[in-house]
Each structure stands twice: as C-alpha cells, then as structure tokens.
Amino acid sequence: MSEVATRRSSGYLDRPQSSSLADVVNIILDKGLVIDAFVRVSVVGIELITIDARIVIASVDTYLRFAEATNRLDLEQTGGRELPELIDDLSESGSKGKTKGMVSGAKEALTGGKDDEGDDDKRSQRSRRRSSRQEAS
Amino acid sequence: MTVRTEEGPAVGAHGLYLYGLVLGDARLPSGLAGIGGAPVRTEPLGRLRAVVSDAPADREVGLPDDVRDHARVLDAVADVVTVLPVRFGTLATAATLEEAVPADRQDRHAADLRALEGAVQLTVSARYREEAVMAELVAEDDEIRHLRERTRGRDELATYGERIRLGKLVVAGFDARRPADAQRIAGAVAPFVRATAAHEVTRTSDVAELALLVSREDVAALEDALETLAAQVADRMTVRLVGPQAAYDFAEEV
C-alpha cells in the first residue's frame, strides 16, 4: 500500500504491512455497498470462518479457561513487590507466550479450532481450497 | 456454506466482478490486477464509473484469495482516489449494471463519494494482555484471590463449581474494565477522525475495534497518537492499526 502505511515499523503499535486473512475477513467481508439486483456469490470456506470468529464467547469453557489461566499465574515468585512492577514482569515474561497465544487464537478462529490445519495462511488456504473443490465436485 | 457447481448462474466471459464505484472523472492506478489476475478497469455507470474486472470464466468467485484480491484492489484504488466499496461477491454484466444502479441511486452514491472525498479508513483494534489483567484482578478482588487459592493445584472435579465461579468473576472483571479502556482508545483517536464505527467485540480479551474515517492529511498524526497510546498501555494491552483502506464501514452512510 502507501508509504504512510509502513512508515513506522518499530515501536509498540502493531502496524501490519499487509492485512492477514483474518483482518480481511473481519474488516471487509460484510461491509460495503449492497446492490440488490446483483448476484451475490457465496464465499467458499469463508462463511464458516466468520461464524467461528464472531461467536460470542461466554460459556462454561471460557470460564474454565480463565479459571485455569488465573491459577497458572505465578504471583508467588514475585514476593511482596508492588503491583505495577509485578505486571511489568508478567507481561514481559508472558509476551512470548502471548504472541503465540494470539496467533493460535486467530488460527483457531479461522480453522474452527482444528490445530492440524497448518500454521500459516497459505497452508490452511490450500487445504480449504482443496476441501471446497472436493465439495464442489 | 453454499458451493455452486456448473449448474450455478452462468457468469462466463460476459460477467463483470464489481469492486466499487468512483466518480466519473476518477482515474484508477494503472496495471492493477483483480480477481483471477484479470485487469481492473472502469465501466461507465451514468455519472459514476464502476470499478470492475472480468469475472473468472471457469470458476465461481469466493475463494479466500478472492477476498484478499477484492480488498487489495479496493485499497490500491482508495490510495489514489475516493471509492465507494461494493460488498464482496457482487457480479453483474455490462447490461445489468445500469439497471442495478438507477439514476436516483447514482445521485446518492455520487453525494456519498463527495462526502468521503479525501478520507480513508483505518481500523484500530486493542486486546488485553490476559496475564496482566488477571494479575490486576487477583490483586484487587478478594473473592478472585480467595477462589484462586481454593482451587489452585486441587482436584478439578472437586473444585468444579469454584472454578466456574472464579472464571465467571475473571471474565466479569475483563467486562468491567472494557468500557473505560475502549473509551481511552476512542479518546486518543477522536481528534483525528471524521467518523467512527465501533465493531462488536467478541472475545473476552478484546478491548475495542474501531473503524475510523480519517482525512489523508491526518493519517500520520493518528499513527503518532496511537503509537503514543500503545506505548502507554503496553503493559496491559496490544494495539494494532490496519490501513489505510477503502472506507468499507462508511459506504452506506456519512
């Protein structure tokens, strides 16, 4: 895109140079002018993705996940230190795991939680395309 | 999921894939390739022009790559000229184009295009660093701290009810923090946006997702403001900014 988009690549703001499939699906798929008289095609393999990505998560599974995550927090290690310091430590030590968590979270949303779909967009795209071909034939 | 086969509507060589609408005097970037690699061009549409490419003759449109191509074309067009994005998956023929967008609607779209003149969309999203917020909750909420002590390292079945209660309180803690944190994001971008459309957030760790309509000359200032904000909140949130893009969220209003 433009130079503006890539002007700042360092720093705290996450500024992706090209949109991921998740971004594209999330930002554009149900947006834009609807022209009624036109044929709309279905999106092979995408409809399910968006449904998954938009499920409002408020379930027992979510509660158990957060209970487990809260229990996993290693607060004792930090002894009697002040909270801000503690949070710094946590987010620093947690940042690597966090990145992984976000990536797998996005993948989960894109693949309906199946971990064996492949790690990158291209792989999961290929498999999706393959499966849509199979369905179409 | 609908998968159409050869029996589906015949699009064929006469089909046009429609990306968006531009004003009649607008010029597209040259050499732009659309869905299936077909060259992107414009077709006259009364006082407007439709940004189109020939639809693939041998297959339906709807692969993930097609969604990406749709966005890529619109973003490239939006980079140089104001465009009203049409929803993904819209097909027409040269003959049906004028029928589908009658003159009175052309007038409205032309007015919308003029209202969007000089603006692009950027989408900012913020997510909590879950560990940081959970640490806050453990420190601040007696019941959470108590339940954590009661369930930690204990048999999962025996403490099932307490775990559910703990998880509920933690999720409620995220929910309670969200409005003020979302407001902080909205406040930081407010001086630089012409309009904002808030997307519904769906995950516990989501803070906010805002589509922003921004004048081109304000994009750099918006980025600076968000960079500053992202640094300030880095201990408990990640902030992400996508764009500039076509004004997807503002195509039907403004």
# chains A, B, ... in the order shown; residues from 1 in each chain; ligands from 1
$ residues_around --residues "Ile35 (chain A)" --least-positions-apart "3" --cutoff "8 Å" --atoms "only C-alpha atoms" --output "number ranges by chain"
A: 38; B: 86, 90, 100-101
$ residues_around --residues "region 61-72 of chain A" --least-positions-apart "6" --cutoff "8 Å" --atoms "only C-alpha atoms" --output "list in words"
Glu131, Met134, Ala135, Val138, Arg148, Thr151, Arg152, Arg163, Ile164, Arg165, Leu166, Gly167, Lys168, Val170 and Val171 of chain B
$ closest_residue --among "B:Ala211, B:Leu169, B:Met237, B:Leu28" --to "Lys31 (chain A)" --atoms "only C-alpha atoms"
B:Ala211
$ select_by_dssp --residues "region 40-174 of chain B" --states "strand (DSSP E or B)" --output "list of chain:residue names"
B:Arg41, B:Thr42, B:Glu43, B:Pro44, B:Leu45, B:Leu48, B:Arg49, B:Ala50, B:Val51, B:Val52, B:Ser53, B:Asp54, B:Leu84, B:Pro85, B:Val86, B:Thr90, B:Leu91, B:Ala92, B:Thr93, B:Ala119, B:Val120, B:Gln121, B:Leu122, B:Thr123, B:Val124, B:Ser125, B:Ala126, B:Arg127, B:Tyr128
$ residues_around --residues "Arg236 (chain B)" --least-positions-apart "2" --cutoff "8 Å" --atoms "only C-alpha atoms" --output "VMD selection string"
(chain A and resid 87 91) or (chain B and resid 128 to 130 132 to 133 233 to 234 238)
$ residues_around --residues "Ala26 (chain B)" --least-positions-apart "2" --cutoff "10 Å" --atoms "only C-alpha atoms" --output "PDB file with C-alpha atoms, in the first residue's frame"
ATOM      1  CA  LEU B  21     -17.959   2.931  -7.536  1.00  0.00           C
ATOM      2  CA  VAL B  22     -15.966   6.054  -8.300  1.00  0.00           C
ATOM      3  CA  LEU B  23     -16.882   9.495  -9.596  1.00  0.00           C
ATOM      4  CA  GLY B  24     -16.962   9.878 -13.375  1.00  0.00           C
ATOM      5  CA  LEU B  28      -7.509   4.359 -11.493  1.00  0.00           C
ATOM      6  CA  PRO B  29      -3.930   3.332 -10.829  1.00  0.00           C
ATOM      7  CA  THR B  42     -13.900   1.020 -15.165  1.00  0.00           C
ATOM      8  CA  LEU B  48     -20.346   7.379 -11.998  1.00  0.00           C
ATOM      9  CA  ARG B  49     -17.951   4.688 -13.093  1.00  0.00           C
ATOM     10  CA  VAL B  77      -7.781   2.378  -5.700  1.00  0.00           C
ATOM     11  CA  VAL B  80      -5.285   7.441  -5.071  1.00  0.00           C
ATOM     12  CA  VAL B  81      -8.980   8.181  -5.456  1.00  0.00           C
ATOM     13  CA  THR B  82     -12.158   8.105  -3.371  1.00  0.00           C
ATOM     14  CA  VAL B  83     -14.048   4.873  -3.906  1.00  0.00           C
TER      15      VAL B  83
END
$ residues_around --residues "Leu32 (chain B)" --least-positions-apart "4" --cutoff "9 Å" --atoms "only C-alpha atoms" --output "PyMOL selection string"
chain B and resi 28+37-41+73+76-77
$ write_last_selection --atoms "N, CA and C atoms" --output "PDB file, in the first residue's frame"
ATOM      1  N   LEU B  28      -8.028   5.473 -12.285  1.00  0.00           N
ATOM      2  CA  LEU B  28      -7.509   4.359 -11.493  1.00  0.00           C
ATOM      3  C   LEU B  28      -5.998   4.267 -11.622  1.00  0.00           C
ATOM      4  N   GLY B  37      -6.472 -12.486 -11.600  1.00  0.00           N
ATOM      5  CA  GLY B  37      -5.428 -11.841 -12.388  1.00  0.00           C
ATOM      6  C   GLY B  37      -5.962 -10.954 -13.510  1.00  0.00           C
ATOM      7  N   ALA B  38      -7.290 -10.859 -13.646  1.00  0.00           N
ATOM      8  CA  ALA B  38      -7.875 -10.051 -14.727  1.00  0.00           C
ATOM      9  C   ALA B  38      -7.618  -8.572 -14.482  1.00  0.00           C
ATOM     10  N   PRO B  39      -7.311  -7.824 -15.578  1.00  0.00           N
ATOM     11  CA  PRO B  39      -7.035  -6.399 -15.405  1.00  0.00           C
ATOM     12  C   PRO B  39      -8.256  -5.644 -14.877  1.00  0.00           C
ATOM     13  N   VAL B  40      -7.992  -4.707 -13.970  1.00  0.00           N
ATOM     14  CA  VAL B  40      -9.069  -3.894 -13.403  1.00  0.00           C
ATOM     15  C   VAL B  40      -9.266  -2.672 -14.287  1.00  0.00           C
ATOM     16  N   ARG B  41     -10.524  -2.365 -14.592  1.00  0.00           N
ATOM     17  CA  ARG B  41     -10.844  -1.197 -15.433  1.00  0.00           C
ATOM     18  C   ARG B  41     -12.129  -0.563 -14.903  1.00  0.00           C
ATOM     19  N   VAL B  73      -7.446  -4.699  -4.398  1.00  0.00           N
ATOM     20  CA  VAL B  73      -7.830  -3.784  -5.470  1.00  0.00           C
ATOM     21  C   VAL B  73      -8.424  -2.502  -4.879  1.00  0.00           C
ATOM     22  N   ALA B  76      -5.829  -0.344  -3.207  1.00  0.00           N
ATOM     23  CA  ALA B  76      -4.966   0.330  -4.181  1.00  0.00           C
ATOM     24  C   ALA B  76      -5.703   1.495  -4.827  1.00  0.00           C
ATOM     25  N   VAL B  77      -6.984   1.293  -5.122  1.00  0.00           N
ATOM     26  CA  VAL B  77      -7.781   2.378  -5.700  1.00  0.00           C
ATOM     27  C   VAL B  77      -7.949   3.499  -4.672  1.00  0.00           C
TER      28      VAL B  77
END
$ atom_distance --atom1 "CA of Arg47 (chain B)" --atom2 "CA of Arg68 (chain B)"
28.6 Å
$ select_by_dssp --residues "region 188-242 of chain B" --states "helix (DSSP H, G or I)" --output "JSON, numbers by chain"
{"B": [188, 189, 190, 191, 192, 216, 217, 218, 219, 220, 221, 222, 223, 224, 225, 226, 227, 228, 229, 230, 231, 232]}
$ atom_distance --atom1 "CA of Gly118 (chain B)" --atom2 "CA of Leu74 (chain B)"
15.0 Å
